[in-house]
Structures are given as structure tokens and as C-alpha cells.
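Chemist: What follows is entry.pdb, PDB, C-alpha atoms.
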```
ATOM      1  CA  MET I 251     118.204   2.921  18.019  1.00  0.00           C
ATOM      2  CA  ASN I 252     121.119   4.848  16.598  1.00  0.00           C
ATOM      3  CA  PRO I 253     122.039   5.444  13.881  1.00  0.00           C
ATOM      4  CA  PHE I 254     119.115   5.303  11.458  1.00  0.00           C
ATOM      5  CA  THR I 255     120.503   4.823   8.009  1.00  0.00           C
ATOM      6  CA  SER I 256     117.641   3.400   5.950  1.00  0.00           C
ATOM      7  CA  ASN I 257     115.963   5.568   3.343  1.00  0.00           C
ATOM      8  CA  THR I 258     112.627   7.057   4.478  1.00  0.00           C
ATOM      9  CA  SER I 259     112.347   9.537   1.616  1.00  0.00           C
ATOM     10  CA  HIS I 260     109.316   7.685   0.240  1.00  0.00           C
ATOM     11  CA  PHE I 261     107.293   8.723   3.312  1.00  0.00           C
ATOM     12  CA  SER I 262     105.586  12.098   3.027  1.00  0.00           C
ATOM     13  CA  GLY I 263     105.536  13.611   6.508  1.00  0.00           C
ATOM     14  CA  THR I 264     106.253  16.840   8.319  1.00  0.00           C
ATOM     15  CA  CYS I 265     106.879  18.237  11.777  1.00  0.00           C
ATOM     16  CA  GLU I 266     104.440  21.013  12.590  1.00  0.00           C
ATOM     17  CA  GLY I 267     103.464  23.086  15.590  1.00  0.00           C
ATOM     18  CA  PRO I 268     105.160  25.684  17.810  1.00  0.00           C
ATOM     19  CA  SER I 269     106.385  23.152  20.379  1.00  0.00           C
ATOM     20  CA  VAL I 270     107.795  20.727  17.809  1.00  0.00           C
ATOM     21  CA  PRO I 271     110.375  22.472  15.617  1.00  0.00           C
ATOM     22  CA  GLU I 272     111.264  20.834  12.328  1.00  0.00           C
ATOM     23  CA  HIS I 273     114.549  19.447  13.617  1.00  0.00           C
ATOM     24  CA  SER I 274     112.597  17.386  16.172  1.00  0.00           C
ATOM     25  CA  CYS I 275     111.884  14.883  13.423  1.00  0.00           C
ATOM     26  CA  ASN I 276     114.744  12.462  12.988  1.00  0.00           C
ATOM     27  CA  GLY I 277     115.340   8.869  12.003  1.00  0.00           C
ATOM     28  CA  LYS I 278     112.930   7.676  14.732  1.00  0.00           C
ATOM     29  CA  ILE I 279     110.129  10.251  14.628  1.00  0.00           C
ATOM     30  CA  ILE I 280     109.574  10.835  10.933  1.00  0.00           C
ATOM     31  CA  SER I 281     106.425  12.969  11.118  1.00  0.00           C
ATOM     32  CA  ALA I 282     104.436  14.849  13.764  1.00  0.00           C
ATOM     33  CA  ARG I 283     101.061  16.489  13.103  1.00  0.00           C
ATOM     34  CA  PHE I 284      98.159  17.737  15.219  1.00  0.00           C
ATOM     35  CA  PHE I 285      94.443  18.228  14.614  1.00  0.00           C
ATOM     36  CA  ALA I 286      92.496  20.663  16.788  1.00  0.00           C
ATOM     37  CA  SER I 287      89.759  22.329  14.695  1.00  0.00           C
ATOM     38  CA  GLY I 288      87.035  20.177  16.229  1.00  0.00           C
ATOM     39  CA  ALA I 289      88.367  20.651  19.752  1.00  0.00           C
ATOM     40  CA  ARG I 290      88.498  24.429  19.336  1.00  0.00           C
ATOM     41  CA  ALA I 291      84.879  24.421  18.130  1.00  0.00           C
ATOM     42  CA  ALA I 292      83.692  22.227  20.994  1.00  0.00           C
ATOM     43  CA  ALA I 293      85.342  23.892  24.002  1.00  0.00           C
ATOM     44  CA  THR I 294      87.658  26.623  25.237  1.00  0.00           C
ATOM     45  CA  LEU I 295      91.075  25.034  25.306  1.00  0.00           C
ATOM     46  CA  ASN I 296      93.469  25.578  28.188  1.00  0.00           C
ATOM     47  CA  PRO I 297      96.736  26.769  26.608  1.00  0.00           C
ATOM     48  CA  TYR I 298      98.773  25.253  29.467  1.00  0.00           C
ATOM     49  CA  VAL I 299      97.532  21.666  28.979  1.00  0.00           C
ATOM     50  CA  ASP I 300      95.689  21.649  25.654  1.00  0.00           C
ATOM     51  CA  ILE I 301      98.835  22.405  23.727  1.00  0.00           C
ATOM     52  CA  GLN I 302      97.964  22.813  20.068  1.00  0.00           C
ATOM     53  CA  SER I 303     100.897  20.980  18.619  1.00  0.00           C
ATOM     54  CA  PRO I 304     102.042  17.338  18.493  1.00  0.00           C
ATOM     55  CA  TYR I 305     103.690  17.947  21.872  1.00  0.00           C
ATOM     56  CA  ASP I 306     102.697  15.273  24.401  1.00  0.00           C
ATOM     57  CA  ALA I 307     101.359  17.221  27.375  1.00  0.00           C
ATOM     58  CA  VAL I 308     100.367  14.330  29.659  1.00  0.00           C
ATOM     59  CA  GLY I 309     102.686  11.498  28.615  1.00  0.00           C
ATOM     60  CA  HIS I 310     100.116   9.079  27.211  1.00  0.00           C
ATOM     61  CA  GLY I 311     101.306   9.287  23.634  1.00  0.00           C
ATOM     62  CA  SER I 312     104.926   8.808  24.696  1.00  0.00           C
ATOM     63  CA  HIS I 313     103.878   5.783  26.756  1.00  0.00           C
ATOM     64  CA  VAL I 314     102.138   4.175  23.780  1.00  0.00           C
ATOM     65  CA  ALA I 315     104.964   5.045  21.394  1.00  0.00           C
ATOM     66  CA  SER I 316     107.623   3.541  23.661  1.00  0.00           C
ATOM     67  CA  THR I 317     105.569   0.368  24.084  1.00  0.00           C
ATOM     68  CA  ALA I 318     105.174  -0.009  20.326  1.00  0.00           C
ATOM     69  CA  ALA I 319     108.576   1.109  19.069  1.00  0.00           C
ATOM     70  CA  GLY I 320     110.807   1.887  22.044  1.00  0.00           C
ATOM     71  CA  ASN I 321     114.502   1.011  22.121  1.00  0.00           C
ATOM     72  CA  SER I 322     115.709  -2.446  23.057  1.00  0.00           C
ATOM     73  CA  GLY I 323     117.655  -3.204  26.225  1.00  0.00           C
ATOM     74  CA  VAL I 324     116.544  -0.200  28.284  1.00  0.00           C
ATOM     75  CA  PRO I 325     117.152  -0.713  32.034  1.00  0.00           C
ATOM     76  CA  VAL I 326     113.952  -0.555  34.104  1.00  0.00           C
ATOM     77  CA  VAL I 327     114.472   0.883  37.597  1.00  0.00           C
ATOM     78  CA  VAL I 328     111.522   1.722  39.865  1.00  0.00           C
ATOM     79  CA  ASN I 329     112.081   3.048  43.392  1.00  0.00           C
ATOM     80  CA  GLY I 330     115.680   1.895  43.214  1.00  0.00           C
ATOM     81  CA  PHE I 331     114.828  -1.699  42.267  1.00  0.00           C
ATOM     82  CA  PHE I 332     116.129  -3.113  38.983  1.00  0.00           C
ATOM     83  CA  TYR I 333     113.489  -5.065  37.059  1.00  0.00           C
ATOM     84  CA  GLY I 334     115.688  -6.066  34.160  1.00  0.00           C
ATOM     85  CA  ARG I 335     115.721  -4.599  30.665  1.00  0.00           C
ATOM     86  CA  ALA I 336     112.721  -3.635  28.561  1.00  0.00           C
ATOM     87  CA  SER I 337     112.138  -3.331  24.851  1.00  0.00           C
ATOM     88  CA  GLY I 338     109.504  -1.887  22.584  1.00  0.00           C
ATOM     89  CA  MET I 339     107.634  -4.410  20.489  1.00  0.00           C
ATOM     90  CA  ALA I 340     109.348  -3.223  17.287  1.00  0.00           C
ATOM     91  CA  PRO I 341     112.510  -1.333  18.306  1.00  0.00           C
ATOM     92  CA  ARG I 342     113.536  -0.539  14.738  1.00  0.00           C
ATOM     93  CA  ALA I 343     110.132   0.827  13.711  1.00  0.00           C
ATOM     94  CA  ARG I 344     109.632   4.505  12.906  1.00  0.00           C
ATOM     95  CA  ILE I 345     106.942   6.681  14.466  1.00  0.00           C
ATOM     96  CA  ALA I 346     104.539   9.074  12.771  1.00  0.00           C
ATOM     97  CA  VAL I 347     102.653  11.159  15.338  1.00  0.00           C
ATOM     98  CA  TYR I 348      99.032  12.219  14.840  1.00  0.00           C
ATOM     99  CA  LYS I 349      97.662  14.068  17.876  1.00  0.00           C
ATOM    100  CA  ALA I 350      93.883  14.475  17.928  1.00  0.00           C
ATOM    101  CA  ILE I 351      92.800  14.244  21.593  1.00  0.00           C
ATOM    102  CA  TYR I 352      93.362  16.926  24.252  1.00  0.00           C
ATOM    103  CA  PRO I 353      93.068  16.788  28.062  1.00  0.00           C
ATOM    104  CA  THR I 354      90.034  19.098  28.048  1.00  0.00           C
ATOM    105  CA  VAL I 355      88.140  17.637  25.103  1.00  0.00           C
ATOM    106  CA  GLY I 356      88.318  15.134  22.294  1.00  0.00           C
ATOM    107  CA  SER I 357      86.518  15.631  18.996  1.00  0.00           C
ATOM    108  CA  LEU I 358      85.487  12.865  16.598  1.00  0.00           C
ATOM    109  CA  ALA I 359      86.094  15.299  13.741  1.00  0.00           C
ATOM    110  CA  ASP I 360      89.746  15.645  14.765  1.00  0.00           C
ATOM    111  CA  VAL I 361      90.157  11.881  15.160  1.00  0.00           C
ATOM    112  CA  LEU I 362      88.734  11.242  11.699  1.00  0.00           C
ATOM    113  CA  ALA I 363      90.925  13.962  10.207  1.00  0.00           C
ATOM    114  CA  ALA I 364      93.997  12.371  11.782  1.00  0.00           C
ATOM    115  CA  ILE I 365      93.053   8.908  10.524  1.00  0.00           C
ATOM    116  CA  ASP I 366      92.402  10.275   7.046  1.00  0.00           C
ATOM    117  CA  GLN I 367      95.819  11.935   7.020  1.00  0.00           C
ATOM    118  CA  ALA I 368      97.561   8.835   8.366  1.00  0.00           C
ATOM    119  CA  VAL I 369      95.922   6.350   5.990  1.00  0.00           C
ATOM    120  CA  GLY I 370      96.133   8.581   2.867  1.00  0.00           C
ATOM    121  CA  ASN I 371      93.084   7.266   0.966  1.00  0.00           C
ATOM    122  CA  ARG I 372      94.275   8.002  -2.563  1.00  0.00           C
ATOM    123  CA  GLY I 373      92.344   5.680  -4.821  1.00  0.00           C
ATOM    124  CA  PRO I 374      91.715   5.757  -8.551  1.00  0.00           C
ATOM    125  CA  GLY I 375      88.923   8.303  -8.083  1.00  0.00           C
ATOM    126  CA  PRO I 376      87.076  10.450  -5.514  1.00  0.00           C
ATOM    127  CA  TYR I 377      85.937   8.568  -2.386  1.00  0.00           C
ATOM    128  CA  THR I 378      87.888   5.455  -3.330  1.00  0.00           C
ATOM    129  CA  VAL I 379      90.816   3.736  -1.679  1.00  0.00           C
ATOM    130  CA  VAL I 380      93.806   1.872  -3.025  1.00  0.00           C
ATOM    131  CA  SER I 381      93.309  -1.054  -0.624  1.00  0.00           C
ATOM    132  CA  TYR I 382      89.938  -2.731  -0.808  1.00  0.00           C
ATOM    133  CA  SER I 383      87.894  -4.079   2.098  1.00  0.00           C
ATOM    134  CA  PRO I 384      88.648  -5.769   4.408  1.00  0.00           C
ATOM    135  CA  TRP I 385      92.174  -4.389   3.973  1.00  0.00           C
ATOM    136  CA  THR I 386      91.207  -0.721   4.060  1.00  0.00           C
ATOM    137  CA  VAL I 387      93.556  -0.017   6.960  1.00  0.00           C
ATOM    138  CA  GLY I 388      96.653  -2.098   7.596  1.00  0.00           C
ATOM    139  CA  VAL I 389      97.752  -2.629  11.200  1.00  0.00           C
ATOM    140  CA  ALA I 390     100.150  -4.939  12.980  1.00  0.00           C
ATOM    141  CA  ALA I 391      99.833  -6.691  16.318  1.00  0.00           C
ATOM    142  CA  CYS I 392     102.436  -8.553  18.315  1.00  0.00           C
ATOM    143  CA  GLY I 393     102.955 -10.062  21.727  1.00  0.00           C
ATOM    144  CA  THR I 394     105.784 -10.817  24.127  1.00  0.00           C
ATOM    145  CA  ASP I 395     106.677 -13.748  26.330  1.00  0.00           C
ATOM    146  CA  ARG I 396     108.157 -11.459  28.989  1.00  0.00           C
ATOM    147  CA  THR I 397     106.709 -12.048  32.461  1.00  0.00           C
ATOM    148  CA  TYR I 398     107.376 -10.686  35.940  1.00  0.00           C
ATOM    149  CA  PRO I 399     106.944 -13.596  38.355  1.00  0.00           C
ATOM    150  CA  GLY I 400     106.658 -12.943  42.062  1.00  0.00           C
ATOM    151  CA  THR I 401     106.353 -15.318  45.003  1.00  0.00           C
ATOM    152  CA  LEU I 402     104.528 -14.923  48.303  1.00  0.00           C
ATOM    153  CA  VAL I 403     106.376 -16.837  51.039  1.00  0.00           C
ATOM    154  CA  LEU I 404     104.269 -17.790  54.032  1.00  0.00           C
ATOM    155  CA  GLY I 405     105.618 -18.252  57.528  1.00  0.00           C
ATOM    156  CA  ASN I 406     105.179 -22.011  57.300  1.00  0.00           C
ATOM    157  CA  GLY I 407     107.480 -22.102  54.276  1.00  0.00           C
ATOM    158  CA  GLN I 408     104.765 -22.408  51.638  1.00  0.00           C
ATOM    159  CA  HIS I 409     105.503 -20.568  48.381  1.00  0.00           C
ATOM    160  CA  ILE I 410     102.587 -19.104  46.402  1.00  0.00           C
ATOM    161  CA  GLY I 411     103.565 -18.105  42.881  1.00  0.00           C
ATOM    162  CA  GLY I 412     102.079 -15.221  40.945  1.00  0.00           C
ATOM    163  CA  VAL I 413     102.894 -12.199  38.816  1.00  0.00           C
ATOM    164  CA  GLY I 414     103.613  -8.681  40.012  1.00  0.00           C
ATOM    165  CA  LEU I 415     105.849  -5.624  39.806  1.00  0.00           C
ATOM    166  CA  SER I 416     106.545  -5.311  43.537  1.00  0.00           C
ATOM    167  CA  GLY I 417     110.125  -5.541  44.715  1.00  0.00           C
ATOM    168  CA  PRO I 418     111.137  -7.955  47.467  1.00  0.00           C
ATOM    169  CA  SER I 419     109.880  -7.192  50.962  1.00  0.00           C
ATOM    170  CA  PHE I 420     112.105  -5.223  53.293  1.00  0.00           C
ATOM    171  CA  GLY I 421     114.221  -7.245  55.663  1.00  0.00           C
ATOM    172  CA  ASN I 422     115.704  -9.757  53.227  1.00  0.00           C
ATOM    173  CA  GLY I 423     113.362 -12.466  54.431  1.00  0.00           C
ATOM    174  CA  LEU I 424     114.148 -11.862  58.122  1.00  0.00           C
ATOM    175  CA  LEU I 425     111.054  -9.725  58.586  1.00  0.00           C
ATOM    176  CA  GLN I 426     107.595 -11.084  58.051  1.00  0.00           C
ATOM    177  CA  TYR I 427     104.317  -9.296  57.692  1.00  0.00           C
ATOM    178  CA  LYS I 428     100.837 -10.120  58.863  1.00  0.00           C
ATOM    179  CA  LEU I 429      98.372 -11.045  56.126  1.00  0.00           C
ATOM    180  CA  VAL I 430      95.079  -9.196  56.330  1.00  0.00           C
ATOM    181  CA  LEU I 431      92.076  -9.067  54.020  1.00  0.00           C
ATOM    182  CA  ALA I 432      91.756  -5.576  52.564  1.00  0.00           C
ATOM    183  CA  LYS I 433      88.173  -5.023  53.705  1.00  0.00           C
ATOM    184  CA  ASP I 434      89.177  -6.016  57.262  1.00  0.00           C
ATOM    185  CA  ALA I 435      91.824  -3.267  57.371  1.00  0.00           C
ATOM    186  CA  ILE I 436      89.559  -0.364  56.425  1.00  0.00           C
ATOM    187  CA  LYS I 437      89.043   2.518  58.857  1.00  0.00           C
ATOM    188  CA  VAL I 438      85.625   2.048  60.386  1.00  0.00           C
ATOM    189  CA  ASN I 439      84.835   5.762  60.604  1.00  0.00           C
ATOM    190  CA  GLY I 440      86.721   6.912  57.502  1.00  0.00           C
ATOM    191  CA  THR I 441      85.256   9.728  55.395  1.00  0.00           C
ATOM    192  CA  PHE I 442      86.097   8.273  51.987  1.00  0.00           C
ATOM    193  CA  PRO I 443      83.892   6.867  49.213  1.00  0.00           C
ATOM    194  CA  ARG I 444      82.740   3.298  49.797  1.00  0.00           C
ATOM    195  CA  THR I 445      83.912   2.108  46.404  1.00  0.00           C
ATOM    196  CA  PRO I 446      85.979  -0.993  45.494  1.00  0.00           C
ATOM    197  CA  GLN I 447      89.078   1.120  44.933  1.00  0.00           C
ATOM    198  CA  TYR I 448      88.976   2.134  48.597  1.00  0.00           C
ATOM    199  CA  LEU I 449      87.456  -0.984  50.172  1.00  0.00           C
ATOM    200  CA  GLU I 450      88.954  -3.901  48.256  1.00  0.00           C
ATOM    201  CA  GLU I 451      91.850  -2.847  46.025  1.00  0.00           C
ATOM    202  CA  CYS I 452      94.156  -0.983  48.464  1.00  0.00           C
ATOM    203  CA  GLN I 453      94.429   1.947  46.047  1.00  0.00           C
ATOM    204  CA  TYR I 454      94.216   4.623  48.761  1.00  0.00           C
ATOM    205  CA  PRO I 455      96.422   4.215  51.860  1.00  0.00           C
ATOM    206  CA  GLU I 456      94.409   6.834  53.749  1.00  0.00           C
ATOM    207  CA  ALA I 457      91.483   4.392  53.837  1.00  0.00           C
ATOM    208  CA  LEU I 458      93.473   1.781  55.780  1.00  0.00           C
ATOM    209  CA  ASP I 459      93.719   1.443  59.562  1.00  0.00           C
ATOM    210  CA  PRO I 460      97.449   1.846  60.422  1.00  0.00           C
ATOM    211  CA  ALA I 461      97.123  -0.541  63.331  1.00  0.00           C
ATOM    212  CA  ALA I 462      95.921  -3.275  60.983  1.00  0.00           C
ATOM    213  CA  VAL I 463      98.520  -2.896  58.244  1.00  0.00           C
ATOM    214  CA  GLN I 464     101.765  -1.891  59.960  1.00  0.00           C
ATOM    215  CA  ALA I 465     102.385  -4.892  62.233  1.00  0.00           C
ATOM    216  CA  VAL I 466     105.897  -6.291  61.614  1.00  0.00           C
ATOM    217  CA  TRP I 467     107.897  -8.811  63.614  1.00  0.00           C
ATOM    218  CA  LEU I 468     110.930 -11.056  63.326  1.00  0.00           C
ATOM    219  CA  SER I 469     110.654 -14.263  61.384  1.00  0.00           C
ATOM    220  CA  VAL I 470     108.647 -16.933  63.173  1.00  0.00           C
ATOM    221  CA  PRO I 471     107.082 -20.127  61.797  1.00  0.00           C
ATOM    222  CA  SER I 472     103.543 -18.804  61.557  1.00  0.00           C
ATOM    223  CA  PRO I 473     101.183 -19.290  58.601  1.00  0.00           C
ATOM    224  CA  LEU I 474      99.971 -15.727  59.156  1.00  0.00           C
ATOM    225  CA  ALA I 475     103.362 -14.237  58.381  1.00  0.00           C
ATOM    226  CA  SER I 476     104.612 -13.584  54.882  1.00  0.00           C
ATOM    227  CA  THR I 477     107.359 -12.054  52.827  1.00  0.00           C
ATOM    228  CA  MET I 478     107.800 -11.393  49.111  1.00  0.00           C
ATOM    229  CA  GLU I 479     110.446 -12.723  46.773  1.00  0.00           C
ATOM    230  CA  HIS I 480     110.953 -11.253  43.332  1.00  0.00           C
ATOM    231  CA  GLN I 481     112.502 -12.626  40.175  1.00  0.00           C
ATOM    232  CA  THR I 482     113.035 -11.150  36.711  1.00  0.00           C
TER     233      THR I 482
END
```
As C-alpha cells - that is how I would like this structure written.

Modeler:
Amino acid sequence: MNPFTSNTSHFSGTCEGPSVPEHSCNGKIISARFFASGARAAATLNPYVDIQSPYDAVGHGSHVASTAAGNSGVPVVVNGFFYGRASGMAPRARIAVYKAIYPTVGSLADVLAAIDQAVGNRGPGPYTVVSYSPWTVGVAACGTDRTYPGTLVLGNGQHIGGVGLSGPSFGNGLLQYKLVLAKDAIKVNGTFPRTPQYLEECQYPEALDPAAVQAVWLSVPSPLASTMEHQT
């Protein structure tokens, strides 16, 4: 959210690394650090993907950060379909980045170093903490009542409610599609692994028999025909 006007001077952070110049820190990202000593000792890092800086090379950290503290009211559009507006769980929260895992390797030493830096265990003496167990580390959890309902409409008019992120079927309800069990639509002589992802979960289109999954016809009152409705 813009602008950030509250005072964050009490937080001791820094932006470090060649891909994250100091001006990258702002009112939202207030610190960005990376830890790679353990990773460097464990493996030869690929400079193109194992970027030794807080830079997010594969998008996972950005995904998590936006879920936790992303802006409110952001339009969600996937394949041209508008799913409404999304919000992070705490839109006004600040983010301190601690990168410790790399695509090639992850080191427990780096993870512990990042946690130690993030928590800041500064107790009254060596090896002591300010907060005593079980409150050694403070975290927050929250939930949302946001749902994405979807409805399967059968040819006989029956509506089956559920949840999903699929847009409405093509044809505006005029076209209906044959229902088929995933394992009954698999290519008999396919050269793919016989795992649930291929056989039962429809994760790989190349495993499906086109003749079994592409049948489409005009709307008729048949219980074998279906269409999808979507609501937000």
C-alpha cells in the first residue's frame, strides 16, 4: 500500500547483495539479507539460478510474501477470466527478507543463520534469549473466509456444487461435454509413467486419448452431458 508513513526506524535491517541495491528497500520491504556459506560449502552453485543475493530467482519467496502481506484489492485475471479481487492476509504488514535456500541446494547451516538473524536472540547473557519458552519465537497465523465456488451442471439439469478455479465452460451453457472417468480416457499404448498424476489426476494432457476427451455437442437433455458455471 502507498504511502508508508509509519516510523520503522526501530527496526535494524539492511538491503544487501548485488541484485538488490539499497534503494530496493522501501516502506514495504524493510530489509533483505541472504545466507549462502553453507550452500557454497555443500555444492557448486549455478550463478544463473543460485543467485547469491536476496533476489528471488524462482518466484517462491514472492509468492509467499504476497500471500502474507500483499496489497488489498488486486484484480485476479487468469487466461482472460476475472476471478475477483485478492488481498494478502495482512496488507499493511512490512516484509523482512531472509533468503537461505537455493534451487541447487539448501543448507541447514544457512537456514539456522537466517533464523538467528531474524529472531535476534539478545538476552541478558551469552546463549540466552529475551523471550522465554514457549515464547522463544513469535509468529502470527490468520485465515480467510474467501472461497471460489463452482458448479457442475448436468444435462438433466442437476447442479453439483463444489470449489474450483476453473472458468465457465465454453459455449455459455449451449455446449455440453461428455463426462468420462480419468482412468477410462488414458491412452492404452501410451509411453508415460503409470503414476496417479498421469492415470487419475489429469495432470498431463499427453496421457489422454483425444477421442475420449474431445467429444462436444449441442445441448441435449442427457445426464452424461455437463457444463461448468463459475461464481466469485

Chemist: How far is it from CA of His409 in chain I to CA of Gly421 in chain I, in Å with one decimal?

Modeler: 17.5 Å

Chemist: Please report the interatomic distance between CA of Cys392 in chain I and CA of Ile280 in chain I in Å with one decimal.

Modeler: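 Those two atoms sit 21.9 Å apart.
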
Chemist: Within 9 Å of Gly338 in chain I, counting all atoms listed in the file, which residues show up once you throw out same-chain ones fewer than 4 positions away? Write them as a ChimeraX atom specification, please.

Modeler: /I:315-322,342

Chemist: Just write the chosen residues, C-alpha atoms, as an mmCIF file, in the coordinates of the input.

Modeler:
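Done, and the output landed in result29.cif:
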```cif
data_model
loop_
_atom_site.group_PDB
_atom_site.id
_atom_site.type_symbol
_atom_site.label_atom_id
_atom_site.label_comp_id
_atom_site.auth_asym_id
_atom_site.auth_seq_id
_atom_site.Cartn_x
_atom_site.Cartn_y
_atom_site.Cartn_z
ATOM 1 C CA ALA I 315 104.964 5.045 21.394
ATOM 2 C CA SER I 316 107.623 3.541 23.661
ATOM 3 C CA THR I 317 105.569 0.368 24.084
ATOM 4 C CA ALA I 318 105.174 -0.009 20.326
ATOM 5 C CA ALA I 319 108.576 1.109 19.069
ATOM 6 C CA GLY I 320 110.807 1.887 22.044
ATOM 7 C CA ASN I 321 114.502 1.011 22.121
ATOM 8 C CA SER I 322 115.709 -2.446 23.057
ATOM 9 C CA ARG I 342 113.536 -0.539 14.738
#
```

Chemist: For a quick check of understanding, using all atoms listed in the file, which of I:Thr401, I:Gly393, I:Ser281, I:Ile365 has the smallest distance to Ser337 in chain I?

Modeler: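 Among I:Thr401, I:Gly393, I:Ser281, I:Ile365, it is I:Gly393 that comes nearest to Ser337 in chain I.
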
Chemist: Rounded to one decimal, what separation in Å do you get between CA of Ala432 in chain I and CA of Phe331 in chain I?

Modeler: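 CA of Phe331 in chain I lies at a distance of 25.6 Å from CA of Ala432 in chain I.
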
Chemist: Can you work out which one of I:Pro443, I:Pro418, I:Pro460, I:Pro353 has the shortest atom-to-atom distance to Gln302 in chain I, counting all atoms listed in the file?

Modeler: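 Among the listed residues, I:Pro353 lies closest to Gln302 in chain I.
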
Chemist: For range 435-437 of chain I, work out the shell of residues within 10 Å, counting all atoms listed in the file and skipping chain neighbours fewer than 5 positions away, then give it as a list in words.

Modeler: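 Everything that qualifies: Val430, Phe442, Tyr448, Leu449, Glu450, Cys452, Pro455, Glu456, Ala457, Leu458, Asp459, Pro460, Ala461, Ala462 and Val463 of chain I.
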
Chemist: Do a neighbour search on Tyr352 in chain I at 9 Å with all atoms listed in the file, toss out local chain neighbours closer than 4 positions, and write the hits as a short mmCIF file (atom, residue, chain, number, x, y, z; two decimals) with C-alpha atoms, in the frame of the given file.

Modeler:
```cif
data_model
loop_
_atom_site.label_atom_id
_atom_site.label_comp_id
_atom_site.auth_asym_id
_atom_site.auth_seq_id
_atom_site.Cartn_x
_atom_site.Cartn_y
_atom_site.Cartn_z
CA ALA I 286 92.50 20.66 16.79
CA ALA I 289 88.37 20.65 19.75
CA LEU I 295 91.08 25.03 25.31
CA VAL I 299 97.53 21.67 28.98
CA ASP I 300 95.69 21.65 25.65
CA ILE I 301 98.84 22.40 23.73
CA GLN I 302 97.96 22.81 20.07
CA ALA I 307 101.36 17.22 27.38
CA GLY I 356 88.32 15.13 22.29
CA SER I 357 86.52 15.63 19.00
#
```

Chemist: Taking 6 positions as the minimum chain separation for residues in the same chain, which residues sit within 7 Å of range 270-279 of chain I when counting all atoms listed in the file? Answer as a CSV table (one decimal) with C-alpha atoms, keeping the file's coordinate frame.

Modeler:
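Contents of out.csv, freshly written:
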```csv
chain,number,residue,atom,x,y,z
I,254,PHE,CA,119.1,5.3,11.5
I,303,SER,CA,100.9,21.0,18.6
I,304,PRO,CA,102.0,17.3,18.5
I,305,TYR,CA,103.7,17.9,21.9
I,344,ARG,CA,109.6,4.5,12.9
I,345,ILE,CA,106.9,6.7,14.5
I,346,ALA,CA,104.5,9.1,12.8
```

Chemist: Restricting the calculation to all atoms listed in the file: of I:Asn439, I:Asn329, I:Gln426, I:Thr354, which residue gets closest to Arg290 in chain I?

Modeler: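 When distances to Arg290 in chain I are compared using all atoms listed in the file, the smallest one comes from I:Thr354.
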